[in-house]
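Student: target-v2.json is the file, holding JSON, C-alpha atoms and all ligand atoms:
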[["chain", "number", "residue", "atom", "x", "y", "z"],
["A", 1, "MET", "CA", 66.12, -67.81, 49.98],
["A", 2, "ALA", "CA", 63.26, -69.99, 51.14],
["A", 3, "THR", "CA", 62.08, -71.37, 54.42],
["A", 4, "THR", "CA", 61.22, -75.07, 54.37],
["A", 5, "SER", "CA", 58.47, -76.87, 56.22],
["A", 6, "ILE", "CA", 60.06, -80.35, 56.25],
["A", 7, "PRO", "CA", 59.61, -81.89, 59.75],
["A", 8, "GLU", "CA", 63.09, -82.47, 61.21],
["A", 9, "ASP", "CA", 62.29, -86.01, 62.44],
["A", 10, "SER", "CA", 60.96, -87.18, 59.02],
["A", 11, "PHE", "CA", 63.09, -89.27, 56.63],
["A", 12, "LEU", "CA", 63.55, -86.19, 54.44],
["A", 13, "GLY", "CA", 64.36, -84.00, 57.41],
["A", 14, "ARG", "CA", 66.99, -86.44, 58.75],
["A", 15, "HIS", "CA", 68.65, -86.96, 55.35],
["A", 16, "GLN", "CA", 68.01, -83.54, 53.88],
["A", 17, "PHE", "CA", 71.68, -82.74, 53.22],
["A", 18, "LEU", "CA", 72.47, -86.02, 51.42],
["A", 19, "LEU", "CA", 69.19, -86.08, 49.47],
["A", 20, "TYR", "CA", 69.65, -82.50, 48.33],
["A", 21, "ARG", "CA", 73.20, -83.26, 47.17],
["A", 22, "LEU", "CA", 72.01, -86.34, 45.27],
["A", 23, "PHE", "CA", 69.15, -84.33, 43.76],
["A", 24, "SER", "CA", 71.59, -81.63, 42.67],
["A", 25, "LEU", "CA", 74.08, -84.15, 41.26],
["A", 26, "ALA", "CA", 71.35, -86.04, 39.36],
["A", 27, "GLY", "CA", 70.29, -82.77, 37.69],
["A", 28, "PHE", "CA", 73.82, -82.42, 36.33],
["A", 29, "ILE", "CA", 74.92, -86.04, 35.80],
["A", 30, "PRO", "CA", 73.33, -88.09, 34.35],
["A", 31, "VAL", "CA", 70.16, -86.08, 33.58],
["A", 32, "GLY", "CA", 71.84, -82.84, 32.44],
["A", 33, "ALA", "CA", 74.53, -84.72, 30.52],
["A", 34, "PHE", "CA", 71.81, -86.72, 28.80],
["A", 35, "LEU", "CA", 69.95, -83.51, 27.90],
["A", 36, "ILE", "CA", 73.08, -82.18, 26.16],
["A", 37, "VAL", "CA", 73.69, -85.42, 24.23],
["A", 38, "HIS", "CA", 70.00, -85.72, 23.34],
["A", 39, "LEU", "CA", 69.67, -82.19, 21.96],
["A", 40, "LEU", "CA", 72.94, -82.41, 20.02],
["A", 41, "THR", "CA", 71.93, -85.80, 18.56],
["A", 42, "ASN", "CA", 68.61, -84.31, 17.46],
["A", 43, "ALA", "CA", 70.34, -81.26, 15.99],
["A", 44, "SER", "CA", 72.28, -83.61, 13.67],
["A", 45, "VAL", "CA", 69.07, -83.70, 11.60],
["A", 46, "LEU", "CA", 70.22, -80.32, 10.29],
["A", 47, "GLY", "CA", 72.84, -82.34, 8.39],
["A", 48, "GLY", "CA", 70.08, -84.39, 6.71],
["A", 49, "ALA", "CA", 68.06, -87.56, 7.34],
["A", 50, "ALA", "CA", 71.09, -89.85, 6.86],
["A", 51, "ALA", "CA", 73.18, -87.98, 9.45],
["A", 52, "PHE", "CA", 70.40, -88.27, 12.04],
["A", 53, "GLN", "CA", 69.69, -91.92, 11.16],
["A", 54, "SER", "CA", 73.32, -92.94, 11.65],
["A", 55, "ARG", "CA", 73.34, -91.40, 15.15],
["A", 56, "VAL", "CA", 70.08, -93.13, 16.05],
["A", 57, "ASP", "CA", 71.51, -96.42, 14.73],
["A", 58, "LEU", "CA", 74.54, -95.96, 16.96],
["A", 59, "ILE", "CA", 72.28, -95.60, 20.04],
["A", 60, "HIS", "CA", 70.11, -98.55, 18.99],
["A", 61, "SER", "CA", 73.18, -100.72, 18.39],
["A", 62, "LEU", "CA", 72.94, -101.31, 22.17],
["A", 63, "GLY", "CA", 70.11, -103.67, 21.21],
["A", 64, "PRO", "CA", 68.45, -105.44, 24.17],
["A", 65, "LEU", "CA", 70.65, -103.48, 26.59],
["A", 66, "LEU", "CA", 69.05, -100.18, 25.59],
["A", 67, "PRO", "CA", 65.99, -100.31, 27.92],
["A", 68, "ALA", "CA", 68.23, -101.12, 30.91],
["A", 69, "VAL", "CA", 70.60, -98.25, 30.01],
["A", 70, "GLU", "CA", 67.62, -95.89, 29.61],
["A", 71, "TRP", "CA", 66.13, -96.81, 32.99],
["A", 72, "ILE", "CA", 69.39, -96.82, 34.95],
["A", 73, "PHE", "CA", 70.97, -93.70, 33.48],
["A", 74, "ILE", "CA", 67.98, -91.61, 32.43],
["A", 75, "PHE", "CA", 64.51, -92.45, 33.74],
["A", 76, "ILE", "CA", 65.31, -93.40, 37.35],
["A", 77, "PRO", "CA", 67.68, -90.44, 38.02],
["A", 78, "MET", "CA", 65.18, -88.10, 36.31],
["A", 79, "LEU", "CA", 62.28, -89.46, 38.41],
["A", 80, "PHE", "CA", 64.37, -89.08, 41.56],
["A", 81, "HIS", "CA", 65.27, -85.48, 40.64],
["A", 82, "ALA", "CA", 61.64, -84.68, 39.74],
["A", 83, "VAL", "CA", 60.15, -86.21, 42.91],
["A", 84, "MET", "CA", 62.71, -84.32, 45.04],
["A", 85, "GLY", "CA", 61.99, -81.21, 42.98],
["A", 86, "PHE", "CA", 58.27, -81.43, 43.75],
["A", 87, "VAL", "CA", 59.04, -81.96, 47.45],
["A", 88, "ILE", "CA", 61.28, -78.86, 47.42],
["A", 89, "ILE", "CA", 58.56, -76.87, 45.65],
["A", 90, "ALA", "CA", 55.89, -78.09, 48.08],
["A", 91, "THR", "CA", 57.96, -77.30, 51.16],
["A", 92, "GLY", "CA", 59.85, -74.19, 49.99],
["A", 93, "VAL", "CA", 58.28, -70.74, 49.90],
["A", 94, "PRO", "CA", 58.96, -68.72, 46.75],
["A", 95, "ASN", "CA", 59.58, -65.24, 48.07],
["A", 96, "ILE", "CA", 59.33, -63.20, 44.90],
["A", 97, "GLY", "CA", 56.71, -60.95, 46.56],
["A", 98, "SER", "CA", 58.99, -59.87, 49.39],
["A", 99, "TYR", "CA", 62.19, -59.06, 47.47],
["A", 100, "SER", "CA", 61.85, -58.44, 43.80],
["A", 101, "TYR", "CA", 65.35, -58.66, 42.48],
["A", 102, "GLN", "CA", 66.80, -60.77, 39.69],
["A", 103, "GLY", "CA", 67.78, -63.64, 42.00],
["A", 104, "ASN", "CA", 64.22, -64.12, 43.18],
["A", 105, "VAL", "CA", 62.85, -64.10, 39.64],
["A", 106, "ARG", "CA", 65.36, -66.77, 38.68],
["A", 107, "TYR", "CA", 64.54, -68.78, 41.80],
["A", 108, "THR", "CA", 60.82, -68.78, 40.94],
["A", 109, "LEU", "CA", 61.47, -69.46, 37.24],
["A", 110, "GLN", "CA", 63.65, -72.43, 38.24],
["A", 111, "ARG", "CA", 60.67, -74.00, 40.00],
["A", 112, "ALA", "CA", 58.15, -73.08, 37.29],
["A", 113, "THR", "CA", 60.37, -74.46, 34.50],
["A", 114, "GLY", "CA", 60.98, -77.65, 36.54],
["A", 115, "MET", "CA", 57.22, -78.28, 36.56],
["A", 116, "ILE", "CA", 56.86, -77.42, 32.86],
["A", 117, "ALA", "CA", 59.83, -79.70, 32.08],
["A", 118, "PHE", "CA", 58.16, -82.53, 34.01],
["A", 119, "ALA", "CA", 54.87, -82.22, 32.08],
["A", 120, "PHE", "CA", 56.72, -81.80, 28.78],
["A", 121, "ILE", "CA", 59.07, -84.77, 29.26],
["A", 122, "LEU", "CA", 56.19, -87.03, 30.31],
["A", 123, "TRP", "CA", 54.19, -86.06, 27.22],
["A", 124, "HIS", "CA", 57.24, -86.21, 24.92],
["A", 125, "ILE", "CA", 58.11, -89.76, 26.05],
["A", 126, "THR", "CA", 54.48, -90.87, 25.64],
["A", 127, "GLN", "CA", 54.27, -89.35, 22.17],
["A", 128, "LEU", "CA", 57.53, -90.71, 20.75],
["A", 129, "HIS", "CA", 59.00, -93.49, 22.90],
["A", 130, "TRP", "CA", 57.78, -97.07, 22.27],
["A", 131, "MET", "CA", 56.55, -97.20, 25.88],
["A", 132, "GLY", "CA", 53.80, -94.76, 24.83],
["A", 133, "ALA", "CA", 52.44, -97.14, 22.15],
["A", 134, "PRO", "CA", 49.71, -98.70, 24.37],
["A", 135, "VAL", "CA", 48.13, -95.24, 24.79],
["A", 136, "GLY", "CA", 48.37, -94.30, 21.11],
["A", 137, "GLY", "CA", 51.86, -92.75, 21.24],
["A", 138, "GLY", "CA", 55.25, -94.27, 20.45],
["A", 139, "GLN", "CA", 55.34, -92.57, 17.06],
["A", 140, "PHE", "CA", 59.12, -92.60, 16.70],
["A", 141, "ASP", "CA", 60.42, -95.38, 14.47],
["A", 142, "PRO", "CA", 64.15, -95.94, 15.05],
["A", 143, "HIS", "CA", 64.50, -97.37, 11.51],
["A", 144, "HIS", "CA", 62.87, -94.25, 10.05],
["A", 145, "ALA", "CA", 64.18, -91.70, 12.52],
["A", 146, "ALA", "CA", 63.89, -88.33, 10.75],
["A", 147, "SER", "CA", 60.74, -89.13, 8.75],
["A", 148, "SER", "CA", 58.77, -90.49, 11.73],
["A", 149, "ALA", "CA", 59.87, -87.57, 13.95],
["A", 150, "ALA", "CA", 58.99, -85.10, 11.18],
["A", 151, "VAL", "CA", 55.45, -86.51, 10.89],
["A", 152, "ALA", "CA", 54.98, -86.42, 14.68],
["A", 153, "LEU", "CA", 56.20, -82.82, 15.02],
["A", 154, "LYS", "CA", 54.50, -81.34, 11.94],
["A", 155, "PRO", "CA", 51.24, -79.96, 13.46],
["A", 156, "VAL", "CA", 51.75, -76.31, 14.43],
["A", 157, "ALA", "CA", 50.28, -76.80, 17.93],
["A", 158, "ILE", "CA", 52.73, -79.68, 18.56],
["A", 159, "THR", "CA", 55.66, -77.58, 17.33],
["A", 160, "LEU", "CA", 54.65, -74.76, 19.68],
["A", 161, "LEU", "CA", 54.37, -77.16, 22.62],
["A", 162, "TYR", "CA", 57.82, -78.52, 21.78],
["A", 163, "ALA", "CA", 59.31, -75.03, 21.53],
["A", 164, "THR", "CA", 57.86, -74.16, 24.96],
["A", 165, "GLY", "CA", 59.06, -77.45, 26.49],
["A", 166, "ILE", "CA", 62.56, -77.08, 25.03],
["A", 167, "ILE", "CA", 62.94, -73.47, 26.20],
["A", 168, "ALA", "CA", 61.68, -74.32, 29.71],
["A", 169, "THR", "CA", 63.91, -77.41, 30.04],
["A", 170, "VAL", "CA", 67.01, -75.63, 28.71],
["A", 171, "TYR", "CA", 66.40, -72.62, 30.99],
["A", 172, "HIS", "CA", 65.95, -74.99, 33.95],
["A", 173, "PHE", "CA", 69.23, -76.78, 33.22],
["A", 174, "ALA", "CA", 71.29, -73.67, 32.41],
["A", 175, "ASN", "CA", 70.06, -71.72, 35.45],
["A", 176, "GLY", "CA", 70.34, -74.93, 37.49],
["A", 177, "LEU", "CA", 74.05, -75.07, 36.62],
["A", 178, "TRP", "CA", 74.47, -71.72, 38.33],
["A", 179, "SER", "CA", 72.56, -72.71, 41.48],
["A", 180, "MET", "CA", 74.36, -76.06, 41.47],
["A", 181, "GLY", "CA", 77.69, -74.25, 41.72],
["A", 182, "ILE", "CA", 76.32, -72.53, 44.85],
["A", 183, "THR", "CA", 75.05, -75.83, 46.31],
["A", 184, "TRP", "CA", 78.50, -77.41, 45.92],
["A", 185, "GLY", "CA", 80.43, -74.29, 46.89],
["A", 186, "ILE", "CA", 82.09, -74.00, 43.46],
["A", 187, "TRP", "CA", 81.43, -70.28, 43.07],
["A", 188, "THR", "CA", 81.31, -68.40, 46.31],
["A", 189, "SER", "CA", 82.55, -64.84, 45.63],
["A", 190, "PRO", "CA", 80.38, -62.28, 43.79],
["A", 191, "ALA", "CA", 82.97, -62.15, 40.96],
["A", 192, "ALA", "CA", 82.89, -65.95, 40.55],
["A", 193, "MET", "CA", 79.09, -65.91, 40.59],
["A", 194, "GLN", "CA", 79.14, -63.29, 37.87],
["A", 195, "ARG", "CA", 81.43, -65.45, 35.73],
["A", 196, "ALA", "CA", 79.11, -68.40, 36.40],
["A", 197, "ASN", "CA", 76.25, -66.25, 35.10],
["A", 198, "TRP", "CA", 78.07, -66.01, 31.77],
["A", 199, "LEU", "CA", 78.66, -69.75, 31.74],
["A", 200, "SER", "CA", 74.94, -70.40, 32.32],
["A", 201, "LEU", "CA", 74.02, -67.92, 29.61],
["A", 202, "PHE", "CA", 76.46, -69.54, 27.18],
["A", 203, "VAL", "CA", 75.16, -73.06, 27.92],
["A", 204, "GLY", "CA", 71.55, -71.85, 27.75],
["A", 205, "ILE", "CA", 71.95, -70.13, 24.39],
["A", 206, "GLY", "CA", 73.97, -73.01, 22.92],
["A", 207, "LEU", "CA", 71.54, -75.72, 24.05],
["A", 208, "GLY", "CA", 68.52, -73.59, 23.18],
["A", 209, "ALA", "CA", 69.90, -73.16, 19.65],
["A", 210, "ALA", "CA", 70.54, -76.91, 19.37],
["A", 211, "GLY", "CA", 67.05, -77.79, 20.65],
["A", 212, "LEU", "CA", 65.13, -75.27, 18.57],
["A", 213, "GLY", "CA", 67.41, -75.96, 15.58],
["A", 214, "ALA", "CA", 66.56, -79.65, 15.87],
["A", 215, "LEU", "CA", 62.86, -78.80, 15.98],
["A", 216, "GLY", "CA", 63.14, -76.61, 12.87],
["A", 217, "GLY", "CA", 65.31, -79.26, 11.17],
["A", 218, "MET", "CA", 62.74, -82.01, 11.81],
["A", 219, "ARG", "CA", 59.94, -79.83, 10.48],
["A", 220, "SER", "CA", 61.79, -79.03, 7.27],
["A", 221, "ILE", "CA", 62.52, -82.70, 6.44],
["A", 222, "ASP", "CA", 61.09, -83.94, 3.14],
["A", 223, "VAL", "CA", 59.32, -87.00, 4.58],
["A", 224, "GLU", "CA", 59.17, -89.09, 1.37],
["A", 225, "LYS", "CA", 62.81, -88.47, 0.50],
["A", 226, "ALA", "CA", 63.87, -89.19, 4.08],
["A", 227, "LYS", "CA", 61.92, -92.48, 4.04],
["A", 228, "GLU", "CA", 63.79, -93.57, 0.90],
["A", 229, "ILE", "CA", 67.18, -92.77, 2.45],
["A", 230, "GLU", "CA", 66.26, -94.51, 5.73],
["A", 231, "THR", "CA", 64.96, -97.62, 3.93],
["A", 232, "ARG", "CA", 68.18, -97.84, 1.93],
["A", 233, "MET", "CA", 70.23, -97.52, 5.13],
["A", 234, "TYR", "CA", 68.06, -100.13, 6.84],
["A", 235, "LYS", "CA", 68.55, -102.61, 3.98],
["A", 236, "ALA", "CA", 72.29, -101.95, 3.93],
["A", 237, "ARG", "CA", 72.45, -102.68, 7.68],
["A", 238, "GLN", "CA", 70.45, -105.87, 7.25],
["A", 239, "MET", "CA", 72.75, -107.01, 4.45],
["A", 240, "LEU", "CA", 75.76, -106.24, 6.61],
["A", 241, "ASP", "CA", 74.24, -108.13, 9.57],
["A", 242, "GLY", "CA", 73.31, -111.02, 7.24],
["A", 243, "GLY", "CA", 76.81, -110.96, 5.73],
["A", 244, "ILE", "CA", 78.38, -111.00, 9.15],
["A", 245, "SER", "CA", 76.23, -113.88, 10.39],
["A", 246, "ALA", "CA", 76.91, -115.88, 7.19],
["A", 247, "GLU", "CA", 80.60, -115.23, 7.77],
["A", 248, "ALA", "CA", 80.22, -116.26, 11.41],
["A", 249, "GLN", "CA", 78.48, -119.49, 10.34],
["A", 250, "GLN", "CA", 81.34, -120.24, 7.95],
["A", 251, "HIS", "CA", 83.80, -119.61, 10.78],
["A", 252, "SER", "CA", 81.96, -121.92, 13.17],
["A", 253, "ALA", "CA", 81.69, -124.67, 10.49],
["A", 254, "HIS", "CA", 85.42, -124.29, 9.96],
["A", 255, "ALA", "CA", 86.01, -124.47, 13.74],
["A", 256, "VAL", "CA", 83.91, -127.66, 14.01],
["A", 257, "SER", "CA", 85.87, -129.37, 11.22],
["A", 258, "LEU", "CA", 89.13, -128.29, 12.87],
["A", 259, "SER", "CA", 88.02, -129.69, 16.23],
["A", 260, "ARG", "CA", 87.02, -132.97, 14.52],
["A", 261, "GLU", "CA", 90.43, -133.17, 12.92],
["A", 262, "SER", "CA", 92.20, -132.40, 16.21],
["A", 263, "SER", "CA", 90.02, -134.88, 18.17],
["A", 264, "SER", "CA", 91.30, -137.67, 15.94],
["A", 265, "VAL", "CA", 94.85, -136.93, 17.15],
["A", 266, "MET", "CA", 93.90, -136.42, 20.84],
["A", 267, "PRO", "CA", 94.93, -139.02, 23.40],
["A", 268, "ALA", "CA", 92.30, -141.34, 24.88],
["A", 269, "GLY", "CA", 90.62, -139.90, 28.00],
["A", 270, "SER", "CA", 90.82, -136.38, 26.61],
["A", 271, "THR", "CA", 88.06, -134.09, 27.89],
["A", 272, "SER", "CA", 87.36, -132.52, 24.51],
["A", 273, "SER", "CA", 83.66, -132.17, 23.77],
["A", 274, "ALA", "CA", 84.11, -134.03, 20.47],
["A", 275, "ASN", "CA", 85.53, -137.02, 22.34],
["A", 276, "LYS", "CA", 82.78, -136.86, 24.95],
["A", 277, "GLU", "CA", 80.26, -136.82, 22.13],
["A", 278, "LYS", "CA", 81.94, -139.87, 20.56],
["A", 279, "ARG", "CA", 81.97, -141.71, 23.90],
["A", 280, "SER", "CA", 78.31, -141.03, 24.58],
["A", 281, "LYS", "CA", 77.47, -142.23, 21.05],
["A", 282, "LYS", "CA", 79.41, -145.46, 21.71],
["A", 283, "LYS", "CA", 77.44, -146.00, 24.95],
["A", 284, "ASP", "CA", 74.19, -145.71, 22.99],
["B", 301, "LIG", "C1", 65.82, -82.56, 31.80],
["B", 301, "LIG", "C2", 65.39, -82.52, 33.03],
["B", 301, "LIG", "C3", 66.05, -81.77, 34.17],
["B", 301, "LIG", "C4", 67.33, -81.33, 34.32],
["B", 301, "LIG", "C5", 68.49, -81.49, 33.36],
["B", 301, "LIG", "C6", 67.43, -80.67, 35.60],
["B", 301, "LIG", "C7", 68.55, -80.07, 36.13],
["B", 301, "LIG", "C8", 68.61, -79.33, 37.30],
["B", 301, "LIG", "C9", 69.80, -78.76, 37.88],
["B", 301, "LIG", "C10", 71.20, -78.87, 37.32],
["B", 301, "LIG", "C11", 69.41, -78.11, 39.01],
["B", 301, "LIG", "C12", 70.31, -77.35, 39.99],
["B", 301, "LIG", "C13", 70.53, -78.13, 41.27],
["B", 301, "LIG", "C14", 71.07, -77.28, 42.39],
["B", 301, "LIG", "O1", 70.66, -76.12, 42.52],
["B", 301, "LIG", "O2", 71.89, -77.77, 43.18],
["B", 301, "LIG", "C15", 68.00, -78.25, 39.15],
["B", 301, "LIG", "C16", 67.25, -77.67, 40.16],
["B", 301, "LIG", "C17", 65.91, -77.89, 40.35],
["B", 301, "LIG", "N1", 65.12, -78.78, 39.65],
["B", 301, "LIG", "FE1", 65.65, -79.76, 37.96],
["B", 301, "LIG", "N2", 66.20, -80.71, 36.20],
["B", 301, "LIG", "C18", 65.33, -81.37, 35.35],
["B", 301, "LIG", "C19", 63.99, -81.66, 35.59],
["B", 301, "LIG", "C20", 63.29, -81.26, 36.71],
["B", 301, "LIG", "C21", 61.94, -81.62, 36.98],
["B", 301, "LIG", "C22", 61.09, -82.51, 36.08],
["B", 301, "LIG", "C23", 61.60, -81.04, 38.13],
["B", 301, "LIG", "C24", 60.26, -81.19, 38.79],
["B", 301, "LIG", "C25", 59.60, -80.23, 39.25],
["B", 301, "LIG", "C26", 62.73, -80.29, 38.62],
["B", 301, "LIG", "C27", 62.77, -79.49, 39.76],
["B", 301, "LIG", "C28", 63.84, -78.74, 40.18],
["B", 301, "LIG", "C29", 63.83, -77.77, 41.27],
["B", 301, "LIG", "C30", 62.66, -77.41, 42.15],
["B", 301, "LIG", "C31", 65.13, -77.21, 41.35],
["B", 301, "LIG", "C32", 65.61, -76.10, 42.28],
["B", 301, "LIG", "C33", 66.08, -76.58, 43.59],
["B", 301, "LIG", "C34", 66.48, -75.41, 44.46],
["B", 301, "LIG", "O3", 66.66, -74.30, 43.98],
["B", 301, "LIG", "O4", 66.63, -75.61, 45.66],
["B", 301, "LIG", "N3", 63.76, -80.46, 37.73],
["B", 301, "LIG", "N4", 67.53, -79.02, 38.11]]
Let me see whether you can do it: turn the structure in this file into structure tokens.
Tutor:
Amino acid sequence: MATTSIPEDSFLGRHQFLLYRLFSLAGFIPVGAFLIVHLLTNASVLGGAAAFQSRVDLIHSLGPLLPAVEWIFIFIPMLFHAVMGFVIIATGVPNIGSYSYQGNVRYTLQRATGMIAFAFILWHITQLHWMGAPVGGGQFDPHHAASSAAVALKPVAITLLYATGIIATVYHFANGLWSMGITWGIWTSPAAMQRANWLSLFVGIGLGAAGLGALGGMRSIDVEKAKEIETRMYKARQMLDGGISAEAQQHSAHAVSLSRESSSVMPAGSTSSANKEKRSKKKD
């Protein structure tokens, strides 16, 4: 559909096939897969603040591993896809003027929504993710998931920006699924492409409903009530964690007394740490 102006002897020119395949794959897995999980997780707010909080808790149970998981499976593949996307846009020629049929409109919309998605995702991360805190963002509190999101999304202008960003990103992914099938030679006949159109439409409508439903759900949260529920859940988790660590301490105290008992029946020269400890004490 487009002519490209990538010099053949450049890095991009020499590895165009592989880079394009990786770009295409990244759009589907992990970035597209993440988009699906993310929108469905957010839509759980329609089941109430507790339902959303328990899903957020599940994600945050990764603890210190979470940033690494985010960078490896989300941010880096997304950055790679976006950088490649901008290169494709800069070097490809949208030819909507020459042939105005549905395919060309979709081709141009794919590029336009990619750029909107980029701006939206950057802003969204700054506004809600803790990484945005130094610049006045980072408004999402994982211990008060629904209430903090509700406060951040409440202003009408913000809601409208979110609605635009969600629609653009979902369109980009759903239409991208169709073009991805062409890239990988999954649908080649006109009949198969037609069926793929239905698949894209189905995915687009489903994800659009989840994304916009989540937005509506967040906005309709009663913030004070949600805070109460979240605080109760937070305390319950702390008690559980405290209970578990107290139990663990009891276990380790029990283990120490067992090892002391067993060390008294171990033969001399045994390598047990209790014996080593005893020996070093004797030396002192
Ligand atoms: C949630 C974020 C995103 C997802 C899930 C996603 C997904 C996809 C998928 C599945 C494709 C189809 C690949 C193919 O045709 O083989 C695609 C194409 C494309 N994406 Fe993205 N993308 C995202 C963000 C972006 C961003 C931020 C940009 C930056 C501009 C971008 C630019 C493009 C472009 C230009 C294409 C069309 C390539 C072509 O037709 O040759 N995408 N995307």
Student: Write out as number ranges by chain each polymer residue whose atoms come within 9 Å of stretch 143-151 of chain A, counting all atoms listed in the file; drop sequence neighbours fewer than 2 positions from it.
Tutor: A: 45, 48-50, 52-53, 56-57, 128, 139-141, 153-155, 215, 217-227, 229-231, 233-234
Student: Next, write the just-selected residues to a file, as a PDB file, in the coordinates of the input, keeping C-alpha atoms as the atom set.
Tutor:
ATOM      1  CA  VAL A  45      69.070 -83.700  11.600  1.00  0.00           C
ATOM      2  CA  GLY A  48      70.080 -84.390   6.710  1.00  0.00           C
ATOM      3  CA  ALA A  49      68.060 -87.560   7.340  1.00  0.00           C
ATOM      4  CA  ALA A  50      71.090 -89.850   6.860  1.00  0.00           C
ATOM      5  CA  PHE A  52      70.400 -88.270  12.040  1.00  0.00           C
ATOM      6  CA  GLN A  53      69.690 -91.920  11.160  1.00  0.00           C
ATOM      7  CA  VAL A  56      70.080 -93.130  16.050  1.00  0.00           C
ATOM      8  CA  ASP A  57      71.510 -96.420  14.730  1.00  0.00           C
ATOM      9  CA  LEU A 128      57.530 -90.710  20.750  1.00  0.00           C
ATOM     10  CA  GLN A 139      55.340 -92.570  17.060  1.00  0.00           C
ATOM     11  CA  PHE A 140      59.120 -92.600  16.700  1.00  0.00           C
ATOM     12  CA  ASP A 141      60.420 -95.380  14.470  1.00  0.00           C
ATOM     13  CA  LEU A 153      56.200 -82.820  15.020  1.00  0.00           C
ATOM     14  CA  LYS A 154      54.500 -81.340  11.940  1.00  0.00           C
ATOM     15  CA  PRO A 155      51.240 -79.960  13.460  1.00  0.00           C
ATOM     16  CA  LEU A 215      62.860 -78.800  15.980  1.00  0.00           C
ATOM     17  CA  GLY A 217      65.310 -79.260  11.170  1.00  0.00           C
ATOM     18  CA  MET A 218      62.740 -82.010  11.810  1.00  0.00           C
ATOM     19  CA  ARG A 219      59.940 -79.830  10.480  1.00  0.00           C
ATOM     20  CA  SER A 220      61.790 -79.030   7.270  1.00  0.00           C
ATOM     21  CA  ILE A 221      62.520 -82.700   6.440  1.00  0.00           C
ATOM     22  CA  ASP A 222      61.090 -83.940   3.140  1.00  0.00           C
ATOM     23  CA  VAL A 223      59.320 -87.000   4.580  1.00  0.00           C
ATOM     24  CA  GLU A 224      59.170 -89.090   1.370  1.00  0.00           C
ATOM     25  CA  LYS A 225      62.810 -88.470   0.500  1.00  0.00           C
ATOM     26  CA  ALA A 226      63.870 -89.190   4.080  1.00  0.00           C
ATOM     27  CA  LYS A 227      61.920 -92.480   4.040  1.00  0.00           C
ATOM     28  CA  ILE A 229      67.180 -92.770   2.450  1.00  0.00           C
ATOM     29  CA  GLU A 230      66.260 -94.510   5.730  1.00  0.00           C
ATOM     30  CA  THR A 231      64.960 -97.620   3.930  1.00  0.00           C
ATOM     31  CA  MET A 233      70.230 -97.520   5.130  1.00  0.00           C
ATOM     32  CA  TYR A 234      68.060-100.130   6.840  1.00  0.00           C
TER      33      TYR A 234
END
Student: With distances taken over all atoms listed in the file, which of A:Ile158, A:Ile59, A:Val105, A:Leu212 is nearest to ligand LIG 301 (chain B)?
Tutor: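 That would be A:Val105, the residue with the smallest distance to ligand LIG 301 (chain B).
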Student: Give me the residues within 9 Å of A:Ile167 as a PyMOL selection string, counting all atoms listed in the file and dropping any in the same chain fewer than 6 places off.
Tutor: chain A and resi 113+204+208+211-212
Student: Residues at most 12 Å from A:Trp123, counting all atoms listed in the file, excluding those fewer than 6 positions away in the same chain, as a list in words?
Tutor: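 Once the nearby chain positions are removed, what remains is Ile116, Ala117, His129, Met131, Gly132, Val135, Gly136, Gly137, Gly138, Ile158, Leu161, Tyr162 and Gly165 of chain A.
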Student: With distances taken over only C-alpha atoms, which residue among A:Gly63, A:Thr41, A:Leu207, A:Ile125 lies nearest A:Phe75?
Tutor: A:Ile125
Student: So how many Å separate atom CA of A:Ala214 and atom CA of A:Ser44, to one decimal?
Tutor: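 Computed distance, atom CA of A:Ala214 to atom CA of A:Ser44, equals 7.3 Å.
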Student: For A:Phe73, list every protein, DNA or RNA residue within 7 Å, evaluated using only C-alpha atoms, and leave out those in the same chain fewer than 4 positions away; present the list as a list of chain:residue names.
Tutor: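 What passes the distance filter is A:Pro30, A:Val69, A:Pro77.
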Student: Write stretch 20-28 of chain A as a JSON list (two decimals), in the coordinates of the input, completed to N, CA and C atoms.
Tutor:
[["chain", "number", "residue", "atom", "x", "y", "z"],
["A", 20, "TYR", "N", 69.54, -83.70, 49.16],
["A", 20, "TYR", "CA", 69.65, -82.50, 48.33],
["A", 20, "TYR", "C", 70.89, -82.58, 47.44],
["A", 21, "ARG", "N", 71.98, -83.12, 47.99],
["A", 21, "ARG", "CA", 73.20, -83.26, 47.17],
["A", 21, "ARG", "C", 72.96, -84.24, 46.01],
["A", 22, "LEU", "N", 72.28, -85.34, 46.32],
["A", 22, "LEU", "CA", 72.01, -86.34, 45.27],
["A", 22, "LEU", "C", 71.07, -85.75, 44.21],
["A", 23, "PHE", "N", 70.10, -84.99, 44.66],
["A", 23, "PHE", "CA", 69.15, -84.33, 43.76],
["A", 23, "PHE", "C", 69.91, -83.38, 42.83],
["A", 24, "SER", "N", 70.81, -82.61, 43.43],
["A", 24, "SER", "CA", 71.59, -81.63, 42.67],
["A", 24, "SER", "C", 72.50, -82.34, 41.66],
["A", 25, "LEU", "N", 73.17, -83.40, 42.14],
["A", 25, "LEU", "CA", 74.08, -84.15, 41.26],
["A", 25, "LEU", "C", 73.30, -84.78, 40.10],
["A", 26, "ALA", "N", 72.14, -85.37, 40.41],
["A", 26, "ALA", "CA", 71.35, -86.04, 39.36],
["A", 26, "ALA", "C", 70.96, -85.04, 38.27],
["A", 27, "GLY", "N", 70.65, -83.79, 38.68],
["A", 27, "GLY", "CA", 70.29, -82.77, 37.69],
["A", 27, "GLY", "C", 71.42, -82.50, 36.71],
["A", 28, "PHE", "N", 72.65, -82.70, 37.18],
["A", 28, "PHE", "CA", 73.82, -82.42, 36.33],
["A", 28, "PHE", "C", 74.25, -83.69, 35.59]]
